[in-house]
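Structure, as C-alpha cells:
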Amino acid sequence: MFAEFQGISNYQAYKKVFSDRMMLPHPTDPRRLLGNTQREDFLPFLHPLIKRLPTNANIFDVGAGAGEIVDLALYEATAATISIEEPNPLLINGYKAKVKKYPNLRLGLVHEGSVQDLYRHATLNPLPSAAEAPAKNSQDLVLALQMIYHVTPFEKNDIDPDTEIIDALAFLYETMRPGASLFLVYSDDDTATTALASEWYFEKTNQLSKLANFQKIKQARHRILKSGLIAELLAAKFPHNKPRLTCERTSSWIFGSTLEDMAILCLLGDDELSNDQEFDAGKLSIYLDFVKTHAEKIQLGIERRSIAQNGMYRFFQGQIVLTIEKPCQ
Ligand SMILES: C[S@@+](CC[C@H](N)C(=O)[O-])C[C@H]1O[C@@H](n2cnc3c(N)ncnc32)[C@H](O)[C@@H]1O
C-alpha cells in the first residue's frame with residue numbers, strides 16, 4: 001500500500017497528491033476537473049472579473065500551482081501578462097507551459113519561492129534570489145487560490161497568524177490598481193475534510209503544539225477572512241482606497257478512485273510538503289485511519305449522480321470565496 005510514496009521528496013509527494021489526483025483533468029470537459037469540484041464551484045464568481053479586465057491586463061497569481069486556472073479561466077482574458085509566485089519547482093514549470101499555449105497570454109515576473117519572500121524581503125537572511133514583486137498599483141487581478149494556509153509557518157513557537165494574514169493581504173492589495181480585484185479562495189475550516197484530517201494527524205502523532213497552532217490559525221482565518229474583518233483592516237491601512245468585499249460559501253467535493261486515494265488526498269492540508277526533504281510515507285496510514293473513522297462526518301461515499309465522477313469515492317470540502325475590490329478614486 002502507498003508504495004509510490006516511498007523514498008520520494010515532499011515536493012514529489014505534493015505533486016502526486018495535487019497534480020496527479022486533485023487536479024486530474026475531466027475526461028470530456030476541459031473547463032472542469034475530475035478530481036474536485038472546487039474550481040467549477042468558484043468559477044461563476046471569477047468569470048465576471050475576467051470578463052471586465054482591460055486589454056493588456058496584468059494578472060498576479062500567488063501560490064500559483066501548476067496553472068490549471070489558465071485553462072479553466074485565464075485564457076478568456078483578451079490579452080494579459082501573468083506574473084506568478086510558486087515555491088514548488090515541479091509545479092511552476094507546468095504553469096509556464098500552460099501560459100505558452102495561449103497567444104493572448106504572456107508570462108510576466110516569475111518568483112520560484114514563497115510569497116513571504118516578496119514582502120518580508122528586508123528581514124530575510126539570506127535574501128532569496130530573484131524575489132521581485134509586481135510594482136504597487138500595477139495589477140488588474142490578483143489570485144490567491146487555495147494558498148492562504150501557507151502564509152503562517154505553524155511549526156514555530158510564537159506564531160502570529162493575524163499579522164501574517166493581514167501582511168500578506170496588504171501586500172497583495174498594494175499591488176492592485178484602483179478598479180482591480182483580489183480573488184481569494186480557501187477551504188472552509190469548519191467543514192473541510194482536509195482541515196479535520198490535519199487535526200487528527202497532529203493528535204495521533206502527539207504534536208500538540210502544532211495542533212494548538214493549527215487551531216489558532218483557523219481562528220484567525222475565521223475572524224479576519226470569513227467574517228469580513230479584513231475589509232476594515234485594509235481600509236485603515238489604505239484610507240484613500242477603502243476596499244469593497246463580498247464573501248460566498250460553496251459546497252465542494254474531492255474525488256478519488258480508491259479509499260487509499262482518499263487518504264492520500266488528506267495530505268492536501270499538510271503544511272510540510274513545500275520542501276525537498278524526504279516524504280514521511282508513514283503519514284498515509286494515519287490518514288487512512290482518519291478516513292475510515294470519520295466516514296460519516298466527512299460525508300465519505302461513492303458518487304451516484306450521472307456525472308463523470310459516478311462510481312468514484314468522494315468527501316466533502318466546503319469552500320470560502322472572497323472578492324476584495326479596490327475602488328476607482
Ligand atoms: C492547494 S495548492 C493551490 C495551487 C493553485 N493556486 C490552484 O488553486 O490551482 C497550494 C499552493 O501553494 C504553494 N505554496 C506552499 N507554500 C507557499 C508559500 N509559502 N507561499 C506561496 N505559495 C506556497 C504550494 O506549492 C501549492 O502550489
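Labels for the C-alpha cells follow display order: chains A, B, ..., residues from 1 in each chain, ligands from 1.
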
Proximity check chain A to ligand 1, 8 Å, nearest pairs one decimal Å, only C-alpha atoms and all ligand atoms, as JSON lines:
```
{"residue": "A:Tyr11", "atom": "CA", "partner": "ligand 1", "partner_atom_place_in_ligand_line": "25 (O)", "distance": 7.9}
{"residue": "A:Tyr14", "atom": "CA", "partner": "ligand 1", "partner_atom_place_in_ligand_line": "25 (O)", "distance": 7.8}
{"residue": "A:Phe18", "atom": "CA", "partner": "ligand 1", "partner_atom_place_in_ligand_line": "1 (C)", "distance": 7.0}
{"residue": "A:Met23", "atom": "CA", "partner": "ligand 1", "partner_atom_place_in_ligand_line": "9 (O)", "distance": 7.6}
{"residue": "A:Arg39", "atom": "CA", "partner": "ligand 1", "partner_atom_place_in_ligand_line": "8 (O)", "distance": 7.8}
{"residue": "A:Asp61", "atom": "CA", "partner": "ligand 1", "partner_atom_place_in_ligand_line": "6 (N)", "distance": 7.3}
{"residue": "A:Val62", "atom": "CA", "partner": "ligand 1", "partner_atom_place_in_ligand_line": "21 (C)", "distance": 6.0}
{"residue": "A:Gly63", "atom": "CA", "partner": "ligand 1", "partner_atom_place_in_ligand_line": "22 (N)", "distance": 3.3}
{"residue": "A:Ala64", "atom": "CA", "partner": "ligand 1", "partner_atom_place_in_ligand_line": "6 (N)", "distance": 4.1}
{"residue": "A:Gly65", "atom": "CA", "partner": "ligand 1", "partner_atom_place_in_ligand_line": "27 (O)", "distance": 3.5}
{"residue": "A:Ala66", "atom": "CA", "partner": "ligand 1", "partner_atom_place_in_ligand_line": "9 (O)", "distance": 6.5}
{"residue": "A:Gly67", "atom": "CA", "partner": "ligand 1", "partner_atom_place_in_ligand_line": "9 (O)", "distance": 6.2}
{"residue": "A:Glu68", "atom": "CA", "partner": "ligand 1", "partner_atom_place_in_ligand_line": "9 (O)", "distance": 5.7}
{"residue": "A:Ile69", "atom": "CA", "partner": "ligand 1", "partner_atom_place_in_ligand_line": "9 (O)", "distance": 6.1}
{"residue": "A:Glu85", "atom": "CA", "partner": "ligand 1", "partner_atom_place_in_ligand_line": "21 (C)", "distance": 6.5}
{"residue": "A:Glu86", "atom": "CA", "partner": "ligand 1", "partner_atom_place_in_ligand_line": "22 (N)", "distance": 5.1}
{"residue": "A:Pro87", "atom": "CA", "partner": "ligand 1", "partner_atom_place_in_ligand_line": "25 (O)", "distance": 5.3}
{"residue": "A:Asn88", "atom": "CA", "partner": "ligand 1", "partner_atom_place_in_ligand_line": "25 (O)", "distance": 4.7}
{"residue": "A:Leu91", "atom": "CA", "partner": "ligand 1", "partner_atom_place_in_ligand_line": "27 (O)", "distance": 6.6}
{"residue": "A:Gly113", "atom": "CA", "partner": "ligand 1", "partner_atom_place_in_ligand_line": "20 (N)", "distance": 6.8}
{"residue": "A:Ser114", "atom": "CA", "partner": "ligand 1", "partner_atom_place_in_ligand_line": "20 (N)", "distance": 3.6}
{"residue": "A:Val115", "atom": "CA", "partner": "ligand 1", "partner_atom_place_in_ligand_line": "20 (N)", "distance": 4.0}
{"residue": "A:Gln116", "atom": "CA", "partner": "ligand 1", "partner_atom_place_in_ligand_line": "19 (N)", "distance": 6.1}
{"residue": "A:Leu143", "atom": "CA", "partner": "ligand 1", "partner_atom_place_in_ligand_line": "6 (N)", "distance": 7.6}
{"residue": "A:Ala144", "atom": "CA", "partner": "ligand 1", "partner_atom_place_in_ligand_line": "6 (N)", "distance": 6.2}
{"residue": "A:Leu145", "atom": "CA", "partner": "ligand 1", "partner_atom_place_in_ligand_line": "6 (N)", "distance": 4.1}
{"residue": "A:Gln146", "atom": "CA", "partner": "ligand 1", "partner_atom_place_in_ligand_line": "3 (C)", "distance": 4.7}
{"residue": "A:Met147", "atom": "CA", "partner": "ligand 1", "partner_atom_place_in_ligand_line": "10 (C)", "distance": 4.4}
{"residue": "A:Ile148", "atom": "CA", "partner": "ligand 1", "partner_atom_place_in_ligand_line": "12 (O)", "distance": 7.8}
{"residue": "A:Tyr149", "atom": "CA", "partner": "ligand 1", "partner_atom_place_in_ligand_line": "16 (N)", "distance": 8.0}
{"residue": "A:His150", "atom": "CA", "partner": "ligand 1", "partner_atom_place_in_ligand_line": "16 (N)", "distance": 4.7}
{"residue": "A:Val151", "atom": "CA", "partner": "ligand 1", "partner_atom_place_in_ligand_line": "19 (N)", "distance": 5.4}
{"residue": "A:Thr152", "atom": "CA", "partner": "ligand 1", "partner_atom_place_in_ligand_line": "19 (N)", "distance": 7.8}
{"residue": "A:Pro153", "atom": "CA", "partner": "ligand 1", "partner_atom_place_in_ligand_line": "19 (N)", "distance": 7.9}
{"residue": "A:Leu268", "atom": "CA", "partner": "ligand 1", "partner_atom_place_in_ligand_line": "1 (C)", "distance": 6.6}
{"residue": "A:Asp271", "atom": "CA", "partner": "ligand 1", "partner_atom_place_in_ligand_line": "15 (C)", "distance": 7.6}
{"residue": "A:Leu273", "atom": "CA", "partner": "ligand 1", "partner_atom_place_in_ligand_line": "15 (C)", "distance": 7.7}
{"residue": "A:Ser274", "atom": "CA", "partner": "ligand 1", "partner_atom_place_in_ligand_line": "15 (C)", "distance": 5.4}
```

I'd like to know which residues of region 36-177 of chain A are helix (DSSP H, G or I) (by DSSP, run on the backbone); could you write them as a short mmCIF file (atom, residue, chain, number, x, y, z; two decimals) with C-alpha atoms, in the first residue's frame?
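Resulting contents of selection-v4.cif:
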```cif
data_model
loop_
_atom_site.label_atom_id
_atom_site.label_comp_id
_atom_site.auth_asym_id
_atom_site.auth_seq_id
_atom_site.Cartn_x
_atom_site.Cartn_y
_atom_site.Cartn_z
CA GLN A 38 -13.79 23.34 -6.08
CA ARG A 39 -12.84 25.10 -9.30
CA GLU A 40 -16.19 24.70 -11.05
CA ASP A 41 -17.81 25.90 -7.80
CA PHE A 42 -15.80 29.13 -7.64
CA LEU A 43 -15.58 29.88 -11.38
CA PRO A 44 -19.01 31.59 -11.53
CA PHE A 45 -17.55 34.25 -9.19
CA LEU A 46 -14.27 34.57 -11.10
CA HIS A 47 -15.66 34.74 -14.68
CA PRO A 48 -17.19 38.23 -14.31
CA LEU A 49 -13.86 39.58 -13.00
CA ILE A 50 -12.05 38.22 -16.05
CA LYS A 51 -14.72 39.49 -18.45
CA GLU A 68 -4.76 24.71 -14.19
CA ILE A 69 -6.55 28.04 -13.70
CA VAL A 70 -5.09 29.18 -17.04
CA ASP A 71 -7.08 26.50 -18.92
CA LEU A 72 -10.12 26.92 -16.71
CA LEU A 74 -7.49 32.98 -17.52
CA TYR A 75 -7.40 32.01 -21.23
CA GLU A 76 -10.57 34.15 -21.54
CA PRO A 89 9.70 23.86 -9.00
CA LEU A 90 7.81 20.80 -10.28
CA LEU A 91 4.59 22.84 -10.44
CA ILE A 92 5.98 26.16 -11.65
CA ASN A 93 7.20 24.56 -14.90
CA GLY A 94 3.69 23.28 -15.54
CA TYR A 95 2.35 26.82 -15.12
CA LYS A 96 4.84 28.26 -17.61
CA ALA A 97 3.84 25.61 -20.19
CA LYS A 98 0.14 26.44 -19.76
CA VAL A 99 0.71 30.16 -20.41
CA LYS A 100 2.74 29.38 -23.54
CA GLN A 116 6.54 35.88 2.04
CA ASP A 117 9.86 36.39 0.18
CA LEU A 118 8.16 39.19 -1.73
CA TYR A 119 7.11 41.31 1.24
CA HIS A 121 12.46 40.87 1.92
CA ALA A 122 14.16 43.21 4.35
CA THR A 123 14.06 40.68 7.20
CA ILE A 148 -3.61 31.27 2.25
CA TYR A 149 -2.81 28.28 4.53
CA HIS A 150 0.86 28.74 3.69
CA VAL A 151 1.38 32.30 4.92
CA PRO A 161 -1.40 34.35 12.30
CA ASP A 162 -3.41 37.60 12.38
CA THR A 163 -0.34 39.61 11.40
CA GLU A 164 0.71 37.02 8.79
CA ILE A 165 -2.67 37.06 7.06
CA ILE A 166 -3.04 40.84 7.22
CA ASP A 167 0.52 41.46 5.94
CA ALA A 168 0.01 39.06 3.02
CA LEU A 169 -3.27 40.66 2.01
CA ALA A 170 -1.97 44.21 2.47
CA PHE A 171 0.96 43.35 0.17
CA LEU A 172 -1.40 41.93 -2.48
CA TYR A 173 -3.79 44.88 -2.14
CA GLU A 174 -0.92 47.29 -2.62
CA THR A 175 -0.04 45.69 -5.98
#
```

Handout entry: Option closest in space to Leu288 (chain A), from A:Phe315, A:Leu267, A:Asn58, A:Leu259 [counting only C-alpha atoms]
Key = A:Leu259

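For the choices A:Ala308, A:Met262, A:Ile298, A:Leu105, the atom-to-atom distance to Arg21 (chain A) is smallest for A:Met262 when using only C-alpha atoms.
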
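Of the residues listed (A:Lys242, A:Lys283, A:Lys237, A:Arg221), A:Lys283 shows the shortest atom-to-atom separation from Trp200 (chain A); distances use only C-alpha atoms.
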
Problem - Counting only C-alpha atoms, the residue of A:Ala80, A:Ile320, A:Leu211, A:Ile264 that sits nearest Asp190 (chain A) - result: A:Ile320

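The residue that comes closest to Gly301 (chain A), out of A:Met1, A:Ala281, A:Ile254, A:Cys328 and on the basis of only C-alpha atoms, is A:Ile254.
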
Problem - Test item: residues at most 9 Å from Gln12 (chain A), only C-alpha atoms, excluding those fewer than 2 positions along its chain, as a ChimeraX atom specification - result: /A:5,8-10,14-17,90,273,276,279

Any chance you could export the current selection's N, CA and C atoms as a compact mmCIF listing (two decimals), in the first residue's frame?
```txt
# COMPACT_ATOMS: atom_id res chain seq x y z
N PHE A 5 4.74 6.25 -2.75
CA PHE A 5 5.14 7.37 -1.89
C PHE A 5 6.42 7.08 -1.09
N ILE A 8 10.50 9.24 -1.79
CA ILE A 8 10.40 10.42 -2.65
C ILE A 8 10.48 11.69 -1.79
N SER A 9 10.64 12.84 -2.44
CA SER A 9 10.73 14.10 -1.68
C SER A 9 9.33 14.63 -1.39
N ASN A 10 9.27 15.60 -0.47
CA ASN A 10 7.99 16.24 -0.17
C ASN A 10 7.42 16.92 -1.41
N TYR A 14 3.85 16.03 -2.99
CA TYR A 14 2.79 17.04 -3.19
C TYR A 14 2.26 16.97 -4.63
N LYS A 15 3.18 16.79 -5.57
CA LYS A 15 2.75 16.70 -6.98
C LYS A 15 1.83 15.50 -7.19
N LYS A 16 2.15 14.38 -6.54
CA LYS A 16 1.31 13.18 -6.68
C LYS A 16 -0.10 13.42 -6.11
N VAL A 17 -0.15 14.19 -5.03
CA VAL A 17 -1.46 14.45 -4.41
C VAL A 17 -2.20 15.50 -5.23
N LEU A 90 8.48 21.78 -9.41
CA LEU A 90 7.81 20.80 -10.28
C LEU A 90 6.49 21.37 -10.80
N LEU A 273 4.91 19.87 3.03
CA LEU A 273 5.26 19.31 1.72
C LEU A 273 5.91 20.31 0.78
N ASP A 276 12.31 19.95 -0.22
CA ASP A 276 12.93 18.84 -0.94
C ASP A 276 13.32 17.68 -0.02
N PHE A 279 9.88 12.54 2.04
CA PHE A 279 8.49 12.44 2.48
C PHE A 279 8.34 11.30 3.49
```

Practice task
Check region 133-290 of chain A with DSSP on the backbone and list each residue it calls strand (DSSP E or B), as a ChimeraX atom specification.
Solution key: /A:139-145,176-187,244-250,253-256,278

Please save C-alpha atoms of the selected residues as a PDB file, in the first residue's frame.
```pdb
ATOM      1  CA  GLN A 139      -2.186  44.626 -11.270  1.00  0.00           C
ATOM      2  CA  ASP A 140      -5.756  44.319 -12.573  1.00  0.00           C
ATOM      3  CA  LEU A 141      -6.494  40.955 -10.984  1.00  0.00           C
ATOM      4  CA  VAL A 142      -4.748  39.166  -8.123  1.00  0.00           C
ATOM      5  CA  LEU A 143      -5.416  35.472  -7.483  1.00  0.00           C
ATOM      6  CA  ALA A 144      -4.792  33.702  -4.171  1.00  0.00           C
ATOM      7  CA  LEU A 145      -6.398  30.329  -4.836  1.00  0.00           C
ATOM      8  CA  MET A 176      -3.585  46.333  -7.255  1.00  0.00           C
ATOM      9  CA  ARG A 177      -4.632  49.230  -9.459  1.00  0.00           C
ATOM     10  CA  PRO A 178      -7.752  51.161  -8.491  1.00  0.00           C
ATOM     11  CA  GLY A 179     -10.600  49.169 -10.078  1.00  0.00           C
ATOM     12  CA  ALA A 180      -8.745  45.844  -9.626  1.00  0.00           C
ATOM     13  CA  SER A 181      -9.934  42.769  -7.700  1.00  0.00           C
ATOM     14  CA  LEU A 182      -8.312  40.308  -5.356  1.00  0.00           C
ATOM     15  CA  PHE A 183      -9.914  36.880  -5.666  1.00  0.00           C
ATOM     16  CA  LEU A 184      -9.117  34.655  -2.681  1.00  0.00           C
ATOM     17  CA  VAL A 185     -10.457  31.135  -2.198  1.00  0.00           C
ATOM     18  CA  TYR A 186      -9.757  28.728   0.639  1.00  0.00           C
ATOM     19  CA  SER A 187     -11.283  25.639   2.194  1.00  0.00           C
ATOM     20  CA  ARG A 244     -15.351  46.502  -1.028  1.00  0.00           C
ATOM     21  CA  LEU A 245     -15.674  42.862  -0.003  1.00  0.00           C
ATOM     22  CA  THR A 246     -18.025  40.010  -0.808  1.00  0.00           C
ATOM     23  CA  CYS A 247     -17.891  36.581   0.813  1.00  0.00           C
ATOM     24  CA  GLU A 248     -19.563  33.424  -0.555  1.00  0.00           C
ATOM     25  CA  ARG A 249     -19.598  29.805   0.577  1.00  0.00           C
ATOM     26  CA  THR A 250     -19.702  26.849  -1.780  1.00  0.00           C
ATOM     27  CA  TRP A 253     -16.327  17.649  -3.277  1.00  0.00           C
ATOM     28  CA  ILE A 254     -12.982  15.930  -3.717  1.00  0.00           C
ATOM     29  CA  PHE A 255     -12.863  12.624  -5.632  1.00  0.00           C
ATOM     30  CA  GLY A 256     -10.554   9.611  -5.781  1.00  0.00           C
ATOM     31  CA  GLU A 278      12.229  13.017   2.234  1.00  0.00           C
TER      32      GLU A 278
END
```

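The gap separating CA of Ala263 (chain A) from CA of Gln317 (chain A) is 13.9 Å, in Å to one decimal.
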
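The gap separating CA of Gly228 (chain A) from CA of Gln299 (chain A) is 28.0 Å, in Å to one decimal.
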